[in-house]
file input31.cif (mmCIF, C-alpha atoms and all ligand atoms)
data_start
loop_
_atom_site.label_atom_id
_atom_site.label_comp_id
_atom_site.auth_asym_id
_atom_site.auth_seq_id
_atom_site.Cartn_x
_atom_site.Cartn_y
_atom_site.Cartn_z
CA MET J 1 12.24 -36.53 -2.20
CA ASP J 2 15.29 -37.70 -4.16
CA ILE J 3 16.10 -35.54 -7.20
CA LEU J 4 18.80 -36.29 -9.74
CA ILE J 5 20.23 -33.51 -11.89
CA ARG J 6 21.96 -35.60 -14.52
CA ASP J 7 25.04 -34.82 -16.59
CA ILE J 8 24.88 -31.07 -16.26
CA LEU J 9 27.53 -28.42 -16.71
CA ALA J 10 27.85 -26.97 -13.19
CA VAL J 11 29.66 -24.06 -11.55
CA LEU J 12 31.41 -25.90 -8.71
CA PRO J 13 33.73 -24.42 -6.05
CA ASP J 14 36.78 -25.75 -7.91
CA GLY J 15 35.70 -24.87 -11.43
CA VAL J 16 33.13 -25.62 -14.09
CA ARG J 17 32.57 -29.20 -15.27
CA ILE J 18 29.91 -31.71 -16.22
CA CYS J 19 28.65 -33.73 -13.27
CA SER J 20 25.56 -35.32 -11.78
CA VAL J 21 24.11 -33.83 -8.60
CA TYR J 22 22.13 -35.96 -6.13
CA VAL J 23 19.61 -34.10 -3.97
CA ARG J 24 18.09 -35.84 -0.96
CA GLY J 25 16.21 -34.43 2.02
CA GLY J 26 16.73 -30.88 0.81
CA ILE J 27 20.52 -31.26 0.80
CA ILE J 28 23.11 -31.84 -1.92
CA ALA J 29 23.78 -35.45 -0.94
CA GLY J 30 26.42 -36.23 -3.56
CA ILE J 31 28.22 -34.97 -6.64
CA ASP J 32 28.98 -37.79 -9.06
CA GLU J 33 28.70 -40.17 -6.09
CA LYS J 34 25.31 -41.73 -5.71
CA PRO J 35 24.16 -41.95 -2.08
CA ASP J 36 23.09 -45.41 -0.84
CA GLY J 37 19.58 -46.38 -1.85
CA PHE J 38 19.11 -43.23 -3.97
CA LEU J 39 15.93 -43.59 -6.03
CA PRO J 40 15.13 -40.36 -7.88
CA GLU J 41 11.48 -39.41 -7.99
CA LYS J 42 12.47 -36.68 -10.39
CA THR J 43 15.30 -36.44 -12.90
CA ILE J 44 16.34 -33.15 -14.48
CA SER J 45 18.29 -33.60 -17.69
CA GLY J 46 21.40 -31.45 -17.87
CA SER J 47 21.54 -31.39 -21.65
CA GLY J 48 22.00 -27.81 -22.90
CA ARG J 49 21.82 -26.43 -19.37
CA LEU J 50 24.02 -24.89 -16.69
CA LEU J 51 23.62 -25.47 -12.94
CA ILE J 52 24.49 -22.71 -10.48
CA PRO J 53 23.98 -22.15 -6.77
CA GLY J 54 20.87 -20.01 -6.24
CA LEU J 55 21.63 -16.29 -6.09
CA VAL J 56 21.35 -14.42 -2.79
CA ASN J 57 19.93 -10.90 -2.72
CA SER J 58 21.60 -9.38 0.35
CA HIS J 59 19.63 -6.14 0.45
CA THR J 60 16.10 -5.46 -0.66
CA HIS J 61 12.65 -4.29 0.40
CA ALA J 62 10.27 -6.77 -1.22
CA TYR J 63 7.04 -4.81 -0.68
CA MET J 64 8.51 -1.87 -2.62
CA THR J 65 7.83 -3.60 -5.94
CA LEU J 66 4.54 -1.69 -5.54
CA PHE J 67 6.57 1.49 -6.15
CA ARG J 68 8.28 0.23 -9.29
CA ASN J 69 8.64 2.91 -11.99
CA CYS J 70 6.90 5.57 -9.95
CA ALA J 71 9.72 7.45 -8.20
CA ASP J 72 12.35 8.00 -10.83
CA ASP J 73 14.98 10.61 -11.65
CA LEU J 74 14.72 12.30 -8.24
CA THR J 75 17.35 13.39 -5.73
CA PHE J 76 17.84 11.02 -2.81
CA SER J 77 15.94 13.19 -0.34
CA ASP J 78 13.09 14.01 -2.80
CA TRP J 79 12.88 10.29 -3.57
CA LEU J 80 12.80 9.16 0.08
CA PHE J 81 10.98 11.94 1.92
CA GLY J 82 8.94 13.40 -0.95
CA ARG J 83 7.83 10.28 -2.77
CA VAL J 84 8.51 6.91 -1.05
CA MET J 85 7.58 7.73 2.54
CA PRO J 86 4.20 9.40 1.68
CA LEU J 87 3.33 6.34 -0.45
CA GLU J 88 4.38 4.01 2.37
CA ASP J 89 1.92 5.78 4.68
CA LYS J 90 -0.90 4.51 2.44
CA LEU J 91 0.11 0.86 2.52
CA THR J 92 -1.70 -1.83 4.48
CA ASP J 93 -0.47 -5.21 5.64
CA GLU J 94 -2.37 -6.86 2.77
CA ASP J 95 -0.85 -4.52 0.16
CA CYS J 96 2.62 -5.51 1.32
CA TYR J 97 1.70 -9.19 1.11
CA TRP J 98 0.89 -8.80 -2.61
CA GLY J 99 3.93 -6.59 -3.18
CA SER J 100 6.12 -9.20 -1.51
CA LEU J 101 4.64 -11.95 -3.69
CA LEU J 102 5.43 -9.87 -6.77
CA ALA J 103 9.01 -9.43 -5.55
CA ILE J 104 9.37 -13.14 -4.86
CA SER J 105 7.95 -13.95 -8.33
CA GLU J 106 10.63 -11.79 -9.90
CA MET J 107 13.40 -13.17 -7.69
CA ILE J 108 12.58 -16.84 -8.30
CA SER J 109 12.16 -16.16 -12.04
CA THR J 110 15.72 -14.81 -12.14
CA GLY J 111 17.37 -17.49 -10.01
CA THR J 112 17.37 -15.88 -6.56
CA THR J 113 16.76 -18.41 -3.80
CA ALA J 114 17.29 -16.23 -0.69
CA PHE J 115 16.93 -12.58 0.23
CA LEU J 116 17.54 -10.24 3.13
CA ASP J 117 14.62 -7.86 3.51
CA MET J 118 14.00 -4.70 5.47
CA LEU J 119 10.25 -4.25 5.69
CA MET J 120 7.23 -2.57 7.24
CA PHE J 121 4.80 -5.45 7.83
CA MET J 122 6.47 -8.62 9.06
CA ASP J 123 3.38 -10.82 8.68
CA ALA J 124 2.93 -9.76 5.05
CA THR J 125 6.40 -10.71 3.83
CA ALA J 126 6.69 -13.71 6.17
CA SER J 127 3.39 -15.13 4.83
CA ALA J 128 4.57 -14.60 1.26
CA ALA J 129 7.90 -16.35 1.99
CA ALA J 130 6.23 -19.20 3.89
CA GLU J 131 3.78 -19.84 1.04
CA THR J 132 6.28 -19.64 -1.80
CA GLY J 133 9.21 -21.51 -0.23
CA ILE J 134 11.93 -18.94 -0.97
CA ARG J 135 14.42 -18.35 1.86
CA ALA J 136 13.84 -15.02 3.58
CA VAL J 137 15.76 -13.21 6.28
CA LEU J 138 13.40 -10.56 7.59
CA SER J 139 14.12 -7.39 9.51
CA ARG J 140 11.38 -5.00 10.58
CA GLY J 141 12.60 -1.52 9.61
CA LEU J 142 13.08 0.33 12.92
CA SER J 143 12.93 4.09 13.12
CA GLY J 144 12.16 6.64 15.80
CA ALA J 145 13.32 7.12 19.36
CA CYS J 146 12.96 5.44 22.76
CA ASP J 147 9.39 6.62 23.35
CA GLU J 148 5.82 5.82 22.33
CA ASP J 149 5.21 9.04 20.37
CA SER J 150 7.75 8.41 17.62
CA GLY J 151 6.55 4.84 17.06
CA GLY J 152 10.00 3.51 17.98
CA PHE J 153 8.75 1.21 20.76
CA ARG J 154 5.78 0.06 18.67
CA ARG J 155 8.01 -0.98 15.76
CA LEU J 156 10.34 -2.89 18.07
CA ARG J 157 7.38 -4.65 19.72
CA GLU J 158 6.03 -5.61 16.28
CA ALA J 159 9.44 -7.03 15.37
CA LYS J 160 9.63 -9.15 18.53
CA VAL J 161 6.08 -10.47 18.21
CA ALA J 162 6.61 -11.46 14.58
CA ILE J 163 9.98 -13.11 15.32
CA GLU J 164 8.25 -15.26 17.93
CA LYS J 165 5.34 -16.01 15.59
CA TRP J 166 7.36 -17.03 12.51
CA SER J 167 10.33 -18.67 14.19
CA GLY J 168 9.13 -22.22 13.44
CA TYR J 169 9.54 -21.87 9.66
CA GLU J 170 12.63 -23.54 8.22
CA ASN J 171 12.94 -21.04 5.34
CA ILE J 172 12.48 -17.88 7.46
CA SER J 173 14.98 -16.24 9.81
CA PHE J 174 15.49 -12.76 11.21
CA MET J 175 17.73 -9.80 11.77
CA ILE J 176 17.18 -6.63 13.77
CA GLY J 177 16.90 -3.70 11.36
CA PRO J 178 17.55 -0.16 12.61
CA HIS J 179 16.80 1.73 9.36
CA ALA J 180 19.63 4.30 9.34
CA LEU J 181 21.37 6.81 11.58
CA TYR J 182 19.22 9.68 10.28
CA THR J 183 15.89 7.99 11.11
CA CYS J 184 16.84 6.69 14.59
CA SER J 185 17.86 8.50 17.78
CA GLU J 186 21.12 7.41 19.40
CA ASP J 187 19.43 5.70 22.36
CA TYR J 188 17.14 3.88 19.91
CA LEU J 189 20.11 2.64 17.87
CA ARG J 190 21.69 1.36 21.10
CA LEU J 191 18.39 -0.30 22.07
CA ALA J 192 18.32 -2.04 18.68
CA GLY J 193 21.84 -3.35 19.37
CA ASP J 194 20.85 -4.57 22.84
CA THR J 195 17.77 -6.29 21.39
CA ALA J 196 19.86 -8.02 18.73
CA ARG J 197 22.29 -9.33 21.37
CA GLU J 198 19.44 -10.41 23.64
CA LEU J 199 17.76 -12.38 20.82
CA GLY J 200 21.04 -13.63 19.32
CA LEU J 201 20.26 -11.96 15.98
CA PRO J 202 22.45 -9.95 13.59
CA ILE J 203 21.99 -6.28 12.71
CA ASN J 204 20.85 -5.14 9.26
CA ILE J 205 21.27 -1.40 8.61
CA HIS J 206 21.59 1.20 5.83
CA LEU J 207 24.99 2.84 6.29
CA ALA J 208 26.94 5.66 4.65
CA GLU J 209 24.58 5.86 1.68
CA SER J 210 24.43 9.55 0.85
CA SER J 211 26.47 12.72 1.27
CA SER J 212 23.67 14.20 3.41
CA GLU J 213 23.98 11.24 5.79
CA SER J 214 27.71 11.93 6.15
CA GLU J 215 27.06 15.64 6.73
CA THR J 216 24.40 14.88 9.36
CA SER J 217 26.72 12.48 11.14
CA LEU J 218 29.61 14.94 11.16
CA ALA J 219 27.42 17.85 12.35
CA GLU J 220 25.55 15.91 15.04
CA HIS J 221 28.06 13.32 16.18
CA GLY J 222 31.42 14.73 15.11
CA CYS J 223 32.42 11.67 13.11
CA SER J 224 31.63 9.57 10.03
CA PRO J 225 28.51 7.36 9.82
CA VAL J 226 30.65 4.21 10.20
CA GLU J 227 32.44 5.56 13.29
CA TYR J 228 29.14 6.65 14.81
CA ILE J 229 27.31 3.35 14.18
CA ASP J 230 30.35 1.50 15.54
CA ARG J 231 30.24 3.67 18.66
CA CYS J 232 26.56 2.71 19.05
CA GLY J 233 27.67 -0.94 19.23
CA LEU J 234 26.05 -2.10 15.98
CA LEU J 235 29.05 -3.35 14.00
CA ASP J 236 30.23 -6.93 14.43
CA SER J 237 30.98 -10.03 12.37
CA ARG J 238 27.29 -10.78 11.71
CA THR J 239 26.23 -7.22 10.79
CA VAL J 240 25.06 -6.60 7.23
CA ALA J 241 25.50 -2.95 6.28
CA ALA J 242 23.85 -1.89 3.02
CA HIS J 243 25.52 0.63 0.68
CA CYS J 244 28.68 1.87 2.48
CA ILE J 245 29.43 4.40 -0.26
CA ARG J 246 30.96 7.31 1.64
CA LEU J 247 33.92 5.72 3.41
CA SER J 248 37.21 7.10 4.71
CA GLU J 249 40.28 4.90 5.01
CA ARG J 250 39.58 4.64 8.73
CA ASP J 251 35.98 3.56 8.00
CA ILE J 252 37.26 0.76 5.75
CA GLU J 253 39.62 -0.38 8.54
CA ILE J 254 36.72 -0.44 11.01
CA LEU J 255 34.54 -2.51 8.65
CA ALA J 256 37.42 -4.96 8.17
CA GLU J 257 38.27 -5.15 11.90
CA ARG J 258 34.68 -5.75 12.92
CA GLY J 259 34.10 -8.32 10.17
CA VAL J 260 31.02 -6.49 8.85
CA THR J 261 29.51 -7.61 5.53
CA VAL J 262 28.92 -4.74 3.13
CA ALA J 263 25.88 -5.33 0.89
CA THR J 264 26.65 -3.26 -2.19
CA ASN J 265 23.78 -2.12 -4.45
CA PRO J 266 25.25 -0.62 -7.62
CA ALA J 267 22.02 0.05 -9.55
CA SER J 268 20.22 1.75 -6.67
CA ASN J 269 23.29 3.78 -5.71
CA MET J 270 23.76 5.06 -9.24
CA LYS J 271 20.05 5.69 -9.82
CA LEU J 272 19.77 7.85 -6.71
CA ALA J 273 23.00 9.56 -7.75
CA ASN J 274 24.72 8.52 -4.53
CA GLY J 275 27.76 7.09 -6.32
CA PHE J 276 28.95 3.56 -5.56
CA ALA J 277 30.75 1.68 -2.82
CA PRO J 278 34.58 1.59 -3.10
CA VAL J 279 34.43 -2.16 -3.79
CA PRO J 280 38.05 -2.59 -5.03
CA GLN J 281 39.39 -0.87 -1.88
CA LEU J 282 37.07 -2.93 0.33
CA LEU J 283 38.30 -6.10 -1.38
CA SER J 284 41.95 -5.13 -0.82
CA ALA J 285 41.23 -4.40 2.84
CA GLY J 286 39.62 -7.84 3.27
CA VAL J 287 36.11 -6.53 3.94
CA LYS J 288 33.38 -9.10 3.27
CA ILE J 289 31.16 -8.00 0.38
CA ALA J 290 27.77 -9.30 -0.72
CA LEU J 291 25.42 -7.99 -3.40
CA GLY J 292 21.89 -6.64 -3.28
CA THR J 293 19.38 -4.96 -5.54
CA ASP J 294 17.76 -2.69 -2.94
CA GLY J 295 14.02 -2.14 -3.44
CA ALA J 296 12.28 -1.81 -6.79
CA ALA J 297 11.59 1.86 -6.06
CA SER J 298 15.28 2.62 -6.60
CA ASN J 299 16.54 -0.02 -9.05
CA ASN J 300 13.85 -0.79 -10.58
CA SER J 301 14.48 -4.51 -10.80
CA LEU J 302 15.25 -7.33 -8.35
CA ASN J 303 17.25 -9.24 -10.96
CA MET J 304 20.61 -10.26 -9.52
CA PHE J 305 22.09 -11.01 -12.97
CA ARG J 306 21.73 -7.37 -13.89
CA GLU J 307 23.27 -6.42 -10.56
CA MET J 308 26.28 -8.71 -11.07
CA SER J 309 26.86 -7.18 -14.45
CA LEU J 310 26.66 -3.61 -13.15
CA LEU J 311 28.93 -4.45 -10.23
CA ALA J 312 31.65 -5.85 -12.46
CA LEU J 313 31.30 -3.08 -15.08
CA VAL J 314 31.03 0.09 -13.01
CA HIS J 315 34.26 -0.46 -11.11
CA LYS J 316 36.20 -1.15 -14.31
CA GLY J 317 34.73 2.02 -15.74
CA VAL J 318 35.72 4.27 -12.90
CA THR J 319 39.11 2.78 -12.01
CA GLY J 320 40.38 2.05 -15.52
CA ASP J 321 41.33 -1.40 -14.23
CA PRO J 322 39.56 -4.30 -16.03
CA GLN J 323 40.22 -6.51 -13.01
CA ALA J 324 38.80 -4.07 -10.42
CA VAL J 325 35.90 -6.50 -9.90
CA THR J 326 36.09 -9.69 -11.98
CA ALA J 327 33.18 -11.88 -13.09
CA VAL J 328 34.32 -14.57 -10.63
CA GLU J 329 34.33 -12.05 -7.77
CA ALA J 330 30.90 -10.68 -8.71
CA PHE J 331 29.47 -14.20 -8.90
CA ARG J 332 30.93 -15.07 -5.49
CA MET J 333 29.43 -11.93 -3.92
CA ALA J 334 26.05 -12.89 -5.42
CA THR J 335 26.22 -16.45 -4.11
CA LEU J 336 28.54 -17.68 -1.34
CA ASN J 337 29.23 -14.30 0.29
CA GLY J 338 25.52 -13.54 0.36
CA ALA J 339 24.65 -16.93 1.83
CA ARG J 340 27.26 -16.46 4.57
CA ALA J 341 25.97 -12.97 5.33
CA LEU J 342 22.44 -14.36 5.66
CA GLY J 343 23.61 -17.28 7.83
CA ILE J 344 22.51 -19.87 5.27
CA ASN J 345 24.34 -23.13 4.53
CA ALA J 346 24.20 -22.57 0.76
CA GLY J 347 25.84 -20.52 -1.96
CA GLU J 348 27.97 -23.31 -3.44
CA ILE J 349 27.29 -26.62 -5.13
CA ARG J 350 28.97 -28.75 -2.51
CA THR J 351 27.98 -31.98 -0.76
CA GLY J 352 26.26 -31.21 2.54
CA MET J 353 25.00 -27.79 1.50
CA ALA J 354 21.31 -26.96 1.10
CA ALA J 355 19.99 -27.74 -2.37
CA ASP J 356 19.29 -24.10 -3.28
CA LEU J 357 19.94 -24.32 -7.02
CA ALA J 358 19.08 -22.73 -10.34
CA VAL J 359 19.14 -24.40 -13.75
CA ILE J 360 19.86 -22.13 -16.71
CA ASP J 361 18.78 -22.81 -20.30
CA LEU J 362 21.79 -22.33 -22.57
CA ASP J 363 19.75 -22.73 -25.73
CA ARG J 364 19.52 -18.97 -26.21
CA PRO J 365 21.30 -16.74 -28.72
CA ASN J 366 22.88 -14.60 -25.98
CA MET J 367 24.36 -17.69 -24.31
CA GLN J 368 26.06 -19.02 -27.48
CA PRO J 369 28.89 -19.77 -27.81
CA LEU J 370 29.30 -20.28 -24.08
CA ALA J 371 33.11 -20.33 -23.74
CA ASP J 372 33.55 -19.14 -20.12
CA PRO J 373 30.28 -19.88 -18.21
CA VAL J 374 31.00 -17.49 -15.30
CA ALA J 375 31.68 -14.65 -17.72
CA ALA J 376 28.42 -15.56 -19.47
CA LEU J 377 26.51 -15.38 -16.16
CA CYS J 378 27.99 -12.00 -15.38
CA TYR J 379 28.07 -10.29 -18.76
CA SER J 380 25.73 -11.92 -21.29
CA ALA J 381 22.88 -13.52 -19.33
CA SER J 382 19.69 -11.51 -18.82
CA GLY J 383 18.51 -13.62 -15.87
CA TYR J 384 15.44 -14.88 -17.69
CA GLU J 385 17.38 -17.88 -19.02
CA VAL J 386 16.74 -19.41 -15.58
CA GLU J 387 14.17 -22.18 -16.11
CA THR J 388 14.17 -24.30 -12.95
CA VAL J 389 14.75 -23.24 -9.33
CA MET J 390 14.76 -25.22 -6.10
CA VAL J 391 15.15 -24.18 -2.48
CA GLY J 392 16.01 -26.87 0.04
CA GLY J 393 15.31 -29.44 -2.66
CA LYS J 394 11.77 -28.13 -3.21
CA LEU J 395 10.98 -27.06 -6.76
CA LEU J 396 9.69 -23.47 -6.89
CA MET J 397 9.95 -23.05 -10.67
CA GLU J 398 10.08 -25.73 -13.32
CA ARG J 399 10.72 -25.05 -16.99
CA GLY J 400 9.79 -21.41 -16.53
CA GLU J 401 6.57 -22.01 -14.60
CA LEU J 402 6.28 -20.71 -11.05
CA LEU J 403 4.90 -23.60 -9.01
CA THR J 404 4.03 -21.85 -5.74
CA ILE J 405 2.70 -18.50 -7.01
CA ASP J 406 -0.41 -17.56 -8.99
CA LYS J 407 1.34 -14.93 -11.09
CA GLU J 408 -1.76 -13.55 -12.83
CA ARG J 409 -3.52 -13.01 -9.50
CA VAL J 410 -0.43 -11.27 -8.06
CA PHE J 411 -0.17 -8.92 -11.07
CA ALA J 412 -3.87 -8.04 -10.84
CA GLU J 413 -3.80 -7.39 -7.08
CA CYS J 414 -0.69 -5.20 -7.40
CA GLU J 415 -2.29 -3.21 -10.23
CA ARG J 416 -5.35 -2.63 -8.04
CA ILE J 417 -3.20 -1.45 -5.11
CA CYS J 418 -1.18 0.92 -7.30
CA GLU J 419 -4.37 2.47 -8.62
CA ARG J 420 -5.58 3.06 -5.05
CA ILE J 421 -2.38 4.55 -3.67
CA GLY J 422 -1.78 6.60 -6.82
CA THR J 423 1.63 5.59 -8.16
CA ARG J 424 0.79 6.88 -11.63
NI NI J 501 17.49 -0.13 1.21
#
call {"tool": "encode", "arguments": {"input": "input31.cif", "output": "structure tokens", "more": "lines below"}}
Ligand code: NI
result
Amino acid sequence: MDILIRDILAVLPDGVRICSVYVRGGIIAGIDEKPDGFLPEKTISGSGRLLIPGLVNSHTHAYMTLFRNCADDLTFSDWLFGRVMPLEDKLTDEDCYWGSLLAISEMISTGTTAFLDMLMFMDATASAAAETGIRAVLSRGLSGACDEDSGGFRRLREAKVAIEKWSGYENISFMIGPHALYTCSEDYLRLAGDTARELGLPINIHLAESSSESETSLAEHGCSPVEYIDRCGLLDSRTVAAHCIRLSERDIEILAERGVTVATNPASNMKLANGFAPVPQLLSAGVKIALGTDGAASNNSLNMFREMSLLALVHKGVTGDPQAVTAVEAFRMATLNGARALGINAGEIRTGMAADLAVIDLDRPNMQPLADPVAALCYSASGYEVETVMVGGKLLMERGELLTIDKERVFAECERICERIGTR
């Protein structure tokens, strides 16, 4: 289908200006240059609107929307081992399908067009992504050891079966997801690395998130989490490592040398009182940085606008440097850097890239006067100004209405699940 987005203010790689964007076959086929024989079946008027590349959530757990607002103000270990894991034990495949649909509803509503997920039930989140059309990079959370008793082999088998099953979907791809150093034995971490290489897939892992993780690593392995995970062969130029809060100078060098992408999650890190990643130092060292929300159990939102704002603000606050992370840098981490980390040809409004786009309504008090649009996206937007979203040229939301999700049904099913598992 040919779609014309006409005369719209757009955030382009070389600046912000009014242009017309031609979408054909799921791709941005031209900017101000009409492709041959272009006959738009749909025209979106740009009047009073802003066009941006769709946002990329580089670390989340979609099914965990079921745990929203039910595990708050706890220490990291009380949160994970005392609250989240016992609730997870009660979840079924179907529960996670509805939880994933709720997550996807929230993400599309706030302009996110792709996400990297670590999950429990591959079929649940893959079905939800396939039905709704959002781009999803899925990694089965792997924990345990190289044996049957711990469930380690079972989880890896489930991952492989699901990768085979869902590999034909254009909007779904995969990573191998060893959960963290403290939930996996060393031989299991190495097995995850071997599996990733065998299947040609990247690694997605939680890394250096809490002080207890650093203490465990030092006591059991005699080095930092980054050094240990590197020794296990899991860090390379396609690895996405979430959090990376507790880092030494040597750790930062390793992340830069290996070309790892750090997915920073400021809201989750602050909420669990883990601190925050040393983003300004990572930037100076040339480490690739993307942005994620983490799951709704620790955020409690999957809104990337809020995350951009926090990212830019927190580092100014702690360093005393207003340029520690600028609005332009935060926006780039939430778009192009995320798309690259996820292996997606998107993240910029550029001819030849996938038409993963979000249209923002500027006719809102908090968006007036607009002055600098990127500053507005980072500091004054709430995220719910997004009114139209497309992924690969397919409309998923139009004028605020989700086109591929029955929102009322999703809310009702999630409410029913939460009552059963007892999140209140
Ligand atoms: Ni996480």
call {"tool": "closest_residue", "arguments": {"input": "input31.cif", "among": "J:Ala241, J:Ala330, J:Cys414, J:Val386", "to": "ligand NI 501 (chain J)", "atoms": "all atoms listed in the file"}}
result
J:Ala241
call {"tool": "closest_residue", "arguments": {"input": "input31.cif", "among": "J:Val21, J:Val279, J:Val11, J:Val84", "to": "ligand NI 501 (chain J)", "atoms": "all atoms listed in the file"}}
result
J:Val84
call {"tool": "closest_residue", "arguments": {"input": "input31.cif", "among": "J:Ser237, J:Ser284, J:Ser210, J:Thr113", "to": "ligand NI 501 (chain J)", "atoms": "only C-alpha atoms and all ligand atoms"}}
result
J:Ser210
call {"tool": "closest_residue", "arguments": {"input": "input31.cif", "among": "J:Ser127, J:Asn204, J:Thr75, J:Ser47", "to": "ligand NI 501 (chain J)", "atoms": "all atoms listed in the file"}}
result
J:Asn204
call {"tool": "residues_near_point", "arguments": {"input": "input31.cif", "point": "(2.2, -5.6, 3.2)", "cutoff": "8 Å", "atoms": "only C-alpha atoms", "output": "MDAnalysis selection string"}}
result
chainID J and resid 63 91:100 120:125
call {"tool": "residues_around", "arguments": {"input": "input31.cif", "residues": "J:Ala346", "least_positions_apart": "5", "cutoff": "8 Å", "atoms": "all atoms listed in the file", "output": "ChimeraX atom specification"}}
result
/J:53,336,339-340,353-356
call {"tool": "closest_residue", "arguments": {"input": "input31.cif", "among": "J:Ala375, J:Gly352, J:Met304, J:Phe153", "to": "J:Val328", "atoms": "all atoms listed in the file"}}
result
J:Ala375
call {"tool": "closest_residue", "arguments": {"input": "input31.cif", "among": "J:Ser105, J:Ser20, J:Thr65, J:Asn57", "to": "J:Ile417", "atoms": "only C-alpha atoms"}}
result
J:Thr65
call {"tool": "residues_near_ligand", "arguments": {"input": "input31.cif", "ligand": "ligand NI 501 (chain J)", "cutoff": "9 Å", "atoms": "only C-alpha atoms and all ligand atoms", "output": "list in words"}}
result
His59, Thr60, His61, Asp117, Met118, His179, Ile205, His206, Ala242, His243, Asn265, Ser268, Thr293, Asp294, Gly295 and Ser298 of chain J
call {"tool": "atom_distance", "arguments": {"input": "input31.cif", "atom1": "atom CA of J:Ile405", "atom2": "atom CA of J:Phe305"}}
result
21.6 Å
call {"tool": "residues_around", "arguments": {"input": "input31.cif", "residues": "J:Tyr228", "least_positions_apart": "5", "cutoff": "12 Å", "atoms": "all atoms listed in the file", "output": "short mmCIF file (atom, residue, chain, number, x, y, z; two decimals) with C-alpha atoms, in the frame of the given file"}}
result
data_model
loop_
_atom_site.label_atom_id
_atom_site.label_comp_id
_atom_site.auth_asym_id
_atom_site.auth_seq_id
_atom_site.Cartn_x
_atom_site.Cartn_y
_atom_site.Cartn_z
CA ALA J 180 19.63 4.30 9.34
CA LEU J 181 21.37 6.81 11.58
CA TYR J 182 19.22 9.68 10.28
CA SER J 185 17.86 8.50 17.78
CA GLU J 186 21.12 7.41 19.40
CA LEU J 189 20.11 2.64 17.87
CA ARG J 190 21.69 1.36 21.10
CA LEU J 207 24.99 2.84 6.29
CA ALA J 208 26.94 5.66 4.65
CA GLU J 213 23.98 11.24 5.79
CA SER J 214 27.71 11.93 6.15
CA THR J 216 24.40 14.88 9.36
CA SER J 217 26.72 12.48 11.14
CA LEU J 218 29.61 14.94 11.16
CA ALA J 219 27.42 17.85 12.35
CA GLU J 220 25.55 15.91 15.04
CA HIS J 221 28.06 13.32 16.18
CA GLY J 222 31.42 14.73 15.11
CA CYS J 223 32.42 11.67 13.11
CA GLY J 233 27.67 -0.94 19.23
CA LEU J 234 26.05 -2.10 15.98
CA LEU J 235 29.05 -3.35 14.00
CA ASP J 251 35.98 3.56 8.00
CA ILE J 254 36.72 -0.44 11.01
#
